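Enquirer: File follows, upload-v1.txt with compact mmCIF, N, CA, C and O atoms:
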```
# COMPACT_ATOMS: atom_id res chain seq x y z
N MET A 5 265.62 251.34 -60.43
CA MET A 5 265.27 249.95 -60.29
C MET A 5 265.43 249.27 -61.64
O MET A 5 265.14 249.84 -62.68
N THR A 6 265.87 248.03 -61.58
CA THR A 6 266.10 247.27 -62.81
C THR A 6 264.88 246.40 -63.13
O THR A 6 263.94 246.30 -62.35
N THR A 7 264.96 245.74 -64.28
CA THR A 7 263.89 244.83 -64.68
C THR A 7 263.75 243.69 -63.68
O THR A 7 262.64 243.25 -63.39
N MET A 8 264.86 243.22 -63.15
CA MET A 8 264.81 242.15 -62.16
C MET A 8 264.07 242.61 -60.90
O MET A 8 263.30 241.84 -60.32
N ASP A 9 264.28 243.84 -60.50
CA ASP A 9 263.58 244.37 -59.33
C ASP A 9 262.07 244.39 -59.55
O ASP A 9 261.30 243.97 -58.70
N TYR A 10 261.66 244.88 -60.72
CA TYR A 10 260.24 244.94 -61.03
C TYR A 10 259.63 243.53 -61.13
O TYR A 10 258.51 243.30 -60.67
N ALA A 11 260.35 242.61 -61.76
CA ALA A 11 259.85 241.25 -61.90
C ALA A 11 259.67 240.59 -60.53
O ALA A 11 258.65 239.94 -60.28
N ALA A 12 260.64 240.77 -59.66
CA ALA A 12 260.53 240.20 -58.32
C ALA A 12 259.38 240.84 -57.55
O ALA A 12 258.61 240.15 -56.87
N LEU A 13 259.24 242.13 -57.67
CA LEU A 13 258.17 242.85 -56.98
C LEU A 13 256.79 242.39 -57.45
O LEU A 13 255.91 242.10 -56.64
N VAL A 14 256.62 242.30 -58.76
CA VAL A 14 255.33 241.86 -59.30
C VAL A 14 255.04 240.42 -58.90
O VAL A 14 253.93 240.09 -58.48
N GLY A 15 256.03 239.55 -59.00
CA GLY A 15 255.83 238.16 -58.59
C GLY A 15 255.47 238.02 -57.13
O GLY A 15 254.57 237.25 -56.77
N MET A 16 256.14 238.76 -56.28
CA MET A 16 255.85 238.69 -54.85
C MET A 16 254.48 239.28 -54.53
O MET A 16 253.76 238.74 -53.68
N VAL A 17 254.10 240.34 -55.20
CA VAL A 17 252.78 240.94 -54.97
C VAL A 17 251.67 239.97 -55.39
O VAL A 17 250.69 239.78 -54.67
N LEU A 18 251.82 239.34 -56.55
CA LEU A 18 250.82 238.37 -56.99
C LEU A 18 250.73 237.18 -56.04
O LEU A 18 249.63 236.71 -55.72
N ALA A 19 251.87 236.71 -55.56
CA ALA A 19 251.88 235.58 -54.63
C ALA A 19 251.24 235.97 -53.30
O ALA A 19 250.48 235.17 -52.72
N VAL A 20 251.51 237.15 -52.80
CA VAL A 20 250.93 237.56 -51.52
C VAL A 20 249.43 237.79 -51.65
O VAL A 20 248.66 237.47 -50.74
N ILE A 21 248.98 238.30 -52.78
CA ILE A 21 247.54 238.47 -52.98
C ILE A 21 246.85 237.11 -52.99
O ILE A 21 245.81 236.92 -52.33
N ALA A 22 247.41 236.15 -53.71
CA ALA A 22 246.83 234.81 -53.75
C ALA A 22 246.81 234.16 -52.38
O ALA A 22 245.82 233.52 -51.99
N SER A 23 247.89 234.33 -51.61
CA SER A 23 247.94 233.70 -50.30
C SER A 23 246.98 234.36 -49.31
O SER A 23 246.33 233.68 -48.52
N VAL A 24 246.85 235.68 -49.36
CA VAL A 24 245.94 236.37 -48.44
C VAL A 24 244.48 236.05 -48.76
O VAL A 24 243.68 235.77 -47.86
N VAL A 25 244.13 236.06 -50.03
CA VAL A 25 242.75 235.75 -50.42
C VAL A 25 242.41 234.30 -50.05
O VAL A 25 241.35 234.03 -49.48
N SER A 26 243.31 233.37 -50.34
CA SER A 26 243.01 231.97 -50.01
C SER A 26 242.97 231.75 -48.50
O SER A 26 242.14 230.97 -48.02
N PHE A 27 243.83 232.43 -47.74
CA PHE A 27 243.75 232.29 -46.29
C PHE A 27 242.44 232.86 -45.76
O PHE A 27 241.84 232.29 -44.85
N GLY A 28 242.00 233.97 -46.31
CA GLY A 28 240.72 234.53 -45.91
C GLY A 28 239.57 233.57 -46.17
O GLY A 28 238.65 233.43 -45.36
N MET A 29 239.63 232.88 -47.30
CA MET A 29 238.60 231.90 -47.62
C MET A 29 238.65 230.71 -46.67
O MET A 29 237.62 230.18 -46.26
N ILE A 30 239.86 230.29 -46.32
CA ILE A 30 240.02 229.20 -45.36
C ILE A 30 239.48 229.62 -43.99
O ILE A 30 238.75 228.87 -43.33
N ALA A 31 239.82 230.82 -43.56
CA ALA A 31 239.35 231.31 -42.26
C ALA A 31 237.83 231.42 -42.23
O ALA A 31 237.19 231.02 -41.25
N ASN A 32 237.24 231.93 -43.30
CA ASN A 32 235.78 232.02 -43.36
C ASN A 32 235.14 230.64 -43.31
O ASN A 32 234.10 230.45 -42.67
N TYR A 33 235.74 229.67 -43.96
CA TYR A 33 235.23 228.30 -43.91
C TYR A 33 235.25 227.79 -42.46
O TYR A 33 234.27 227.20 -41.99
N LEU A 34 236.35 228.02 -41.77
CA LEU A 34 236.45 227.57 -40.38
C LEU A 34 235.43 228.27 -39.49
O LEU A 34 234.79 227.64 -38.64
N PHE A 35 235.24 229.57 -39.67
CA PHE A 35 234.27 230.32 -38.88
C PHE A 35 232.84 229.86 -39.19
O PHE A 35 232.03 229.69 -38.29
N ASP A 36 232.54 229.68 -40.47
CA ASP A 36 231.19 229.30 -40.87
C ASP A 36 230.79 227.91 -40.37
O ASP A 36 229.62 227.66 -40.11
N HIS A 37 231.76 227.01 -40.24
CA HIS A 37 231.47 225.65 -39.78
C HIS A 37 231.67 225.49 -38.28
O HIS A 37 231.62 224.37 -37.77
N GLY A 38 231.94 226.58 -37.58
CA GLY A 38 232.09 226.53 -36.13
C GLY A 38 233.37 225.86 -35.66
O GLY A 38 233.46 225.40 -34.52
N LEU A 39 234.37 225.82 -36.52
CA LEU A 39 235.64 225.18 -36.17
C LEU A 39 236.63 226.17 -35.56
O LEU A 39 237.66 225.76 -35.04
N ALA A 40 236.34 227.44 -35.67
CA ALA A 40 237.17 228.49 -35.07
C ALA A 40 236.24 229.60 -34.59
O ALA A 40 235.15 229.78 -35.12
N ASP A 41 236.69 230.31 -33.59
CA ASP A 41 235.89 231.38 -33.00
C ASP A 41 236.54 232.73 -33.30
O ASP A 41 237.73 232.92 -33.02
N ARG A 42 235.77 233.63 -33.87
CA ARG A 42 236.30 234.96 -34.21
C ARG A 42 236.72 235.75 -32.98
O ARG A 42 237.58 236.60 -33.05
N ASN A 43 236.10 235.49 -31.85
CA ASN A 43 236.37 236.25 -30.63
C ASN A 43 237.42 235.61 -29.73
O ASN A 43 237.77 236.17 -28.70
N ALA A 44 237.92 234.45 -30.11
CA ALA A 44 238.94 233.77 -29.32
C ALA A 44 240.28 234.47 -29.50
O ALA A 44 240.51 235.15 -30.51
N PRO A 45 241.17 234.31 -28.53
CA PRO A 45 242.52 234.87 -28.73
C PRO A 45 243.17 234.24 -29.96
O PRO A 45 242.78 233.14 -30.37
N PRO A 46 244.13 234.92 -30.56
CA PRO A 46 244.75 234.39 -31.77
C PRO A 46 245.29 232.97 -31.56
O PRO A 46 245.95 232.68 -30.58
N MET A 47 244.96 232.11 -32.52
CA MET A 47 245.41 230.73 -32.46
C MET A 47 246.68 230.57 -33.28
O MET A 47 247.00 231.39 -34.13
N ASN A 48 247.34 229.48 -33.03
CA ASN A 48 248.48 229.10 -33.84
C ASN A 48 247.98 228.76 -35.25
O ASN A 48 247.00 228.02 -35.40
N LEU A 49 248.62 229.28 -36.27
CA LEU A 49 248.18 229.02 -37.64
C LEU A 49 248.21 227.54 -37.98
O LEU A 49 247.36 227.06 -38.72
N LEU A 50 249.18 226.82 -37.45
CA LEU A 50 249.26 225.39 -37.75
C LEU A 50 248.03 224.65 -37.24
O LEU A 50 247.57 223.70 -37.86
N VAL A 51 247.48 225.11 -36.11
CA VAL A 51 246.26 224.49 -35.58
C VAL A 51 245.10 224.75 -36.54
O VAL A 51 244.31 223.84 -36.82
N LEU A 52 245.00 225.95 -37.07
CA LEU A 52 243.94 226.26 -38.03
C LEU A 52 244.08 225.42 -39.30
O LEU A 52 243.10 224.89 -39.80
N TYR A 53 245.30 225.30 -39.81
CA TYR A 53 245.52 224.50 -41.01
C TYR A 53 245.17 223.03 -40.77
O TYR A 53 244.54 222.40 -41.62
N ARG A 54 245.58 222.49 -39.65
CA ARG A 54 245.27 221.08 -39.34
C ARG A 54 243.77 220.87 -39.25
O ARG A 54 243.25 219.86 -39.74
N GLU A 55 243.09 221.79 -38.60
CA GLU A 55 241.65 221.67 -38.44
C GLU A 55 240.96 221.75 -39.81
O GLU A 55 240.04 220.99 -40.09
N TYR A 56 241.41 222.65 -40.65
CA TYR A 56 240.84 222.79 -41.99
C TYR A 56 241.08 221.52 -42.81
O TYR A 56 240.15 221.00 -43.43
N LYS A 57 242.31 221.03 -42.79
CA LYS A 57 242.62 219.82 -43.54
C LYS A 57 241.81 218.63 -43.03
O LYS A 57 241.26 217.86 -43.82
N ARG A 58 241.71 218.50 -41.71
CA ARG A 58 240.98 217.38 -41.13
C ARG A 58 239.51 217.44 -41.53
O ARG A 58 238.92 216.46 -41.97
N HIS A 59 238.90 218.62 -41.39
CA HIS A 59 237.48 218.76 -41.67
C HIS A 59 237.16 218.56 -43.15
O HIS A 59 236.19 217.88 -43.49
N THR A 60 237.95 219.15 -44.04
CA THR A 60 237.67 218.99 -45.46
C THR A 60 237.91 217.55 -45.90
O THR A 60 237.21 217.04 -46.77
N ARG A 61 238.89 216.88 -45.30
CA ARG A 61 239.14 215.48 -45.63
C ARG A 61 237.95 214.61 -45.19
O ARG A 61 237.56 213.68 -45.88
N GLU A 62 237.38 214.92 -44.02
CA GLU A 62 236.21 214.17 -43.55
C GLU A 62 235.00 214.43 -44.43
O GLU A 62 234.21 213.52 -44.68
N GLN A 63 234.84 215.65 -44.91
CA GLN A 63 233.67 216.01 -45.70
C GLN A 63 233.75 215.50 -47.14
O GLN A 63 232.75 215.04 -47.68
N THR A 64 234.91 215.60 -47.75
CA THR A 64 235.03 215.30 -49.19
C THR A 64 235.93 214.11 -49.50
O THR A 64 235.96 213.66 -50.64
N GLY A 65 236.68 213.64 -48.53
CA GLY A 65 237.61 212.54 -48.78
C GLY A 65 238.97 212.99 -49.26
O GLY A 65 239.85 212.16 -49.50
N GLN A 66 239.15 214.28 -49.42
CA GLN A 66 240.45 214.81 -49.83
C GLN A 66 240.64 216.19 -49.22
O GLN A 66 239.70 216.82 -48.79
N VAL A 67 241.88 216.62 -49.19
CA VAL A 67 242.17 217.97 -48.71
C VAL A 67 241.74 218.95 -49.79
O VAL A 67 241.97 218.73 -50.98
N SER A 68 241.14 220.04 -49.39
CA SER A 68 240.62 221.03 -50.32
C SER A 68 241.73 221.60 -51.20
O SER A 68 242.83 221.91 -50.71
N PRO A 69 241.47 221.78 -52.50
CA PRO A 69 242.45 222.42 -53.37
C PRO A 69 242.81 223.84 -52.92
O PRO A 69 243.90 224.32 -53.21
N LEU A 70 241.91 224.48 -52.20
CA LEU A 70 242.18 225.82 -51.69
C LEU A 70 243.39 225.83 -50.76
O LEU A 70 244.19 226.77 -50.76
N PHE A 71 243.54 224.77 -49.98
CA PHE A 71 244.70 224.66 -49.09
C PHE A 71 245.98 224.59 -49.91
O PHE A 71 246.99 225.23 -49.57
N TRP A 72 245.96 223.84 -51.01
CA TRP A 72 247.16 223.70 -51.84
C TRP A 72 247.46 225.00 -52.58
O TRP A 72 248.63 225.35 -52.79
N VAL A 73 246.43 225.75 -52.96
CA VAL A 73 246.66 227.07 -53.57
C VAL A 73 247.36 227.97 -52.56
O VAL A 73 248.33 228.67 -52.90
N HIS A 74 246.89 227.95 -51.33
CA HIS A 74 247.47 228.80 -50.29
C HIS A 74 248.93 228.43 -50.03
O HIS A 74 249.80 229.30 -50.01
N THR A 75 249.19 227.15 -49.84
CA THR A 75 250.57 226.75 -49.53
C THR A 75 251.52 227.01 -50.70
O THR A 75 252.66 227.41 -50.50
N THR A 76 251.02 226.82 -51.91
CA THR A 76 251.86 227.09 -53.09
C THR A 76 252.14 228.59 -53.21
O THR A 76 253.28 228.98 -53.53
N ALA A 77 251.15 229.41 -52.96
CA ALA A 77 251.35 230.86 -53.04
C ALA A 77 252.35 231.34 -51.98
O ALA A 77 253.22 232.17 -52.27
N VAL A 78 252.23 230.81 -50.77
CA VAL A 78 253.17 231.19 -49.71
C VAL A 78 254.59 230.73 -50.07
O VAL A 78 255.55 231.49 -49.93
N GLY A 79 254.70 229.50 -50.56
CA GLY A 79 256.01 229.00 -50.97
C GLY A 79 256.61 229.79 -52.11
O GLY A 79 257.82 230.06 -52.13
N THR A 80 255.78 230.20 -53.05
CA THR A 80 256.25 231.02 -54.17
C THR A 80 256.74 232.37 -53.69
O THR A 80 257.78 232.87 -54.14
N PHE A 81 256.00 232.98 -52.77
CA PHE A 81 256.41 234.27 -52.20
C PHE A 81 257.79 234.15 -51.54
O PHE A 81 258.68 234.96 -51.78
N ILE A 82 257.97 233.11 -50.75
CA ILE A 82 259.25 232.91 -50.06
C ILE A 82 260.37 232.64 -51.06
O ILE A 82 261.46 233.21 -50.97
N ALA A 83 260.10 231.77 -52.04
CA ALA A 83 261.12 231.40 -53.02
C ALA A 83 261.56 232.61 -53.86
O ALA A 83 262.75 232.80 -54.10
N ILE A 84 260.59 233.41 -54.28
CA ILE A 84 260.95 234.60 -55.06
C ILE A 84 261.77 235.56 -54.20
O ILE A 84 262.76 236.13 -54.67
N GLY A 85 261.37 235.75 -52.96
CA GLY A 85 262.11 236.65 -52.08
C GLY A 85 263.54 236.20 -51.85
O GLY A 85 264.48 237.01 -51.91
N VAL A 86 263.72 234.92 -51.62
CA VAL A 86 265.07 234.39 -51.40
C VAL A 86 265.90 234.49 -52.68
O VAL A 86 267.06 234.92 -52.65
N ALA A 87 265.31 234.07 -53.80
CA ALA A 87 266.04 234.12 -55.07
C ALA A 87 266.42 235.56 -55.43
O ALA A 87 267.53 235.82 -55.87
N TYR A 88 265.50 236.49 -55.22
CA TYR A 88 265.78 237.89 -55.52
C TYR A 88 266.90 238.42 -54.63
O TYR A 88 267.81 239.11 -55.10
N THR A 89 266.83 238.10 -53.34
CA THR A 89 267.86 238.57 -52.41
C THR A 89 269.23 238.04 -52.80
O THR A 89 270.22 238.78 -52.83
N LEU A 90 269.30 236.75 -53.11
CA LEU A 90 270.58 236.16 -53.51
C LEU A 90 271.07 236.74 -54.83
O LEU A 90 272.26 237.06 -54.98
N ALA A 91 270.17 236.89 -55.80
CA ALA A 91 270.56 237.44 -57.10
C ALA A 91 271.02 238.89 -56.94
O ALA A 91 272.03 239.30 -57.54
N ARG A 92 270.33 239.64 -56.14
CA ARG A 92 270.70 241.04 -55.91
C ARG A 92 272.08 241.12 -55.24
O ARG A 92 272.89 241.97 -55.59
N PHE A 93 272.31 240.23 -54.29
CA PHE A 93 273.60 240.19 -53.61
C PHE A 93 274.72 239.85 -54.60
O PHE A 93 275.78 240.49 -54.61
N VAL A 94 274.49 238.84 -55.44
CA VAL A 94 275.50 238.42 -56.40
C VAL A 94 275.76 239.53 -57.42
O VAL A 94 276.91 239.84 -57.72
N PHE A 95 274.70 240.14 -57.94
CA PHE A 95 274.89 241.19 -58.95
C PHE A 95 275.53 242.44 -58.36
O PHE A 95 276.25 243.15 -59.04
N THR A 96 275.30 242.71 -57.09
CA THR A 96 275.91 243.87 -56.46
C THR A 96 277.41 243.68 -56.34
O THR A 96 278.19 244.60 -56.58
N TRP A 97 277.82 242.47 -55.98
CA TRP A 97 279.24 242.21 -55.81
C TRP A 97 279.96 241.89 -57.11
O TRP A 97 281.16 242.10 -57.24
N ALA A 98 279.23 241.37 -58.10
CA ALA A 98 279.86 240.96 -59.34
C ALA A 98 280.13 242.15 -60.26
O ALA A 98 281.05 242.12 -61.07
N PHE A 99 279.30 243.17 -60.16
CA PHE A 99 279.44 244.28 -61.12
C PHE A 99 279.81 245.52 -60.41
O PHE A 99 279.43 246.22 -59.72
```
Take the structure in the file and write it out as structure tokens.

Expert:
Amino acid sequence: MTTMDYAALVGMVLAVIASVVSFGMIANYLFDHGLADRNAPPMNLLVLYREYKRHTREQTGQVSPLFWVHTTAVGTFIAIGVAYTLARFVFTWAF
């Protein structure tokens, strides 16, 4: 494995840890406020996000920074994965 492989792996691991922890905090918030039911069949994630955004906006006047941490971490994970895949493809064919 090259340095690029390790850098991509570490970046993706950090991003996935941030996204999982922040999603867990969002889910606990929804459960604690009675906005989601732990025993209900799995819901669409977009419904959970909308409910969280709506409720936090009503409570504080703004969307919780935790939501932005989560979306940024997920976006970072995807961006690193795509960039790594493309770079790996280019370097495989170029050298």

Enquirer: Could you please determine the separation between atom N of Val78 in chain A and atom C of Leu34 in chain A in Å, to one decimal place?

Expert: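 Computing it gives 20.4 Å between the two atoms.
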
Enquirer: If you count all atoms listed in the file, which residues fall within 7 Å of range 68-71 of chain A, apart from same-chain ones fewer than 2 positions away, as a VMD selection string?

Expert: chain A and resid 26 to 27 56 to 57 60 to 61 66 73 to 77

Enquirer: Where does DSSP see helix (DSSP H, G or I) in range 23-89 of chain A, if you list the residues as a ChimeraX atom specification?

Expert: /A:23-36,49-64,69-89

Enquirer: Record the distance separating CA of Gly15 in chain A and atom C of Val67 in chain A, expressed in Å with one decimal.

Expert: 25.4 Å

Enquirer: Pick from A:Gln63, A:Thr80, A:Thr96, A:Thr89: nearest to Ala19 in chain A, with only N, CA, C and O atoms counted?

Expert: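 Of A:Gln63, A:Thr80, A:Thr96, A:Thr89, the one nearest Ala19 in chain A is A:Thr80, counting only N, CA, C and O atoms.
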
Enquirer: Please tell me which residues are no farther than 6 Å from (239.6, 223.0, -37.3) in the file, counting only N, CA, C and O atoms, and write them as a list in words.

Expert: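 Within the cut-off we find Leu39, Ala40, Val51, Leu52, Arg54, Glu55 and Tyr56 of chain A.
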
Enquirer: Could you please determine the separation between CA of Phe81 in chain A and CA of Val17 in chain A in Å, to one decimal place?

Expert: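 About the pair CA of Phe81 in chain A and CA of Val17 in chain A: they are 8.1 Å apart.
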
Enquirer: Since the input lacks some atoms of range 35-46 of chain A, please model all heavy atoms and print them as a CSV table (one decimal), in the coordinates of the input.

Expert:
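To be explicit, this is the file written out as part_26.csv:
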```csv
chain,number,residue,atom,x,y,z
A,35,PHE,N,235.2,229.6,-39.7
A,35,PHE,CA,234.3,230.3,-38.9
A,35,PHE,C,232.8,229.9,-39.2
A,35,PHE,O,232.0,229.7,-38.3
A,35,PHE,CB,234.4,231.8,-39.1
A,35,PHE,CG,235.7,232.4,-38.7
A,35,PHE,CD1,236.3,233.4,-39.4
A,35,PHE,CD2,236.3,232.0,-37.5
A,35,PHE,CE1,237.5,233.9,-39.0
A,35,PHE,CE2,237.5,232.5,-37.1
A,35,PHE,CZ,238.1,233.5,-37.8
A,36,ASP,N,232.5,229.7,-40.5
A,36,ASP,CA,231.2,229.3,-40.9
A,36,ASP,C,230.8,227.9,-40.4
A,36,ASP,O,229.6,227.7,-40.1
A,36,ASP,CB,231.0,229.3,-42.4
A,36,ASP,CG,231.1,230.7,-43.0
A,36,ASP,OD1,231.0,231.7,-42.2
A,36,ASP,OD2,231.3,230.9,-44.2
A,37,HIS,N,231.8,227.0,-40.2
A,37,HIS,CA,231.5,225.6,-39.8
A,37,HIS,C,231.7,225.5,-38.3
A,37,HIS,O,231.6,224.4,-37.8
A,37,HIS,CB,232.3,224.6,-40.5
A,37,HIS,CG,231.9,224.5,-42.0
A,37,HIS,ND1,232.3,225.3,-43.0
A,37,HIS,CD2,231.0,223.6,-42.5
A,37,HIS,CE1,231.7,224.9,-44.1
A,37,HIS,NE2,231.0,223.9,-43.9
A,38,GLY,N,231.9,226.6,-37.6
A,38,GLY,CA,232.1,226.5,-36.1
A,38,GLY,C,233.4,225.9,-35.7
A,38,GLY,O,233.5,225.4,-34.5
A,39,LEU,N,234.4,225.8,-36.5
A,39,LEU,CA,235.6,225.2,-36.2
A,39,LEU,C,236.6,226.2,-35.6
A,39,LEU,O,237.7,225.8,-35.0
A,39,LEU,CB,236.2,224.5,-37.4
A,39,LEU,CG,235.3,223.5,-38.1
A,39,LEU,CD1,235.9,223.0,-39.4
A,39,LEU,CD2,235.1,222.3,-37.2
A,40,ALA,N,236.3,227.4,-35.7
A,40,ALA,CA,237.2,228.5,-35.1
A,40,ALA,C,236.2,229.6,-34.6
A,40,ALA,O,235.2,229.8,-35.1
A,40,ALA,CB,238.2,229.0,-36.1
A,41,ASP,N,236.7,230.3,-33.6
A,41,ASP,CA,235.9,231.4,-33.0
A,41,ASP,C,236.5,232.7,-33.3
A,41,ASP,O,237.7,232.9,-33.0
A,41,ASP,CB,235.8,231.2,-31.5
A,41,ASP,CG,234.9,232.2,-30.8
A,41,ASP,OD1,234.2,232.9,-31.5
A,41,ASP,OD2,235.0,232.3,-29.6
A,42,ARG,N,235.8,233.6,-33.9
A,42,ARG,CA,236.3,235.0,-34.2
A,42,ARG,C,236.7,235.8,-33.0
A,42,ARG,O,237.6,236.6,-33.0
A,42,ARG,CB,235.3,235.8,-35.0
A,42,ARG,CG,235.0,235.3,-36.3
A,42,ARG,CD,234.0,236.2,-37.0
A,42,ARG,NE,233.4,235.6,-38.2
A,42,ARG,CZ,234.0,235.7,-39.4
A,42,ARG,NH1,235.0,236.5,-39.6
A,42,ARG,NH2,233.4,235.2,-40.5
A,43,ASN,N,236.1,235.5,-31.8
A,43,ASN,CA,236.4,236.2,-30.6
A,43,ASN,C,237.4,235.6,-29.7
A,43,ASN,O,237.8,236.2,-28.7
A,43,ASN,CB,235.1,236.4,-29.8
A,43,ASN,CG,234.0,237.2,-30.6
A,43,ASN,OD1,234.4,238.1,-31.4
A,43,ASN,ND2,232.8,236.8,-30.6
A,44,ALA,N,237.9,234.4,-30.1
A,44,ALA,CA,238.9,233.8,-29.3
A,44,ALA,C,240.3,234.5,-29.5
A,44,ALA,O,240.5,235.2,-30.5
A,44,ALA,CB,239.1,232.3,-29.7
A,45,PRO,N,241.2,234.3,-28.5
A,45,PRO,CA,242.5,234.9,-28.7
A,45,PRO,C,243.2,234.2,-30.0
A,45,PRO,O,242.8,233.1,-30.4
A,45,PRO,CB,243.3,234.5,-27.5
A,45,PRO,CG,242.3,233.8,-26.6
A,45,PRO,CD,241.0,233.6,-27.3
A,46,PRO,N,244.1,234.9,-30.6
A,46,PRO,CA,244.8,234.4,-31.8
A,46,PRO,C,245.3,233.0,-31.6
A,46,PRO,O,246.0,232.7,-30.6
A,46,PRO,CB,245.9,235.4,-32.0
A,46,PRO,CG,245.5,236.6,-31.3
A,46,PRO,CD,244.7,236.2,-30.2
```
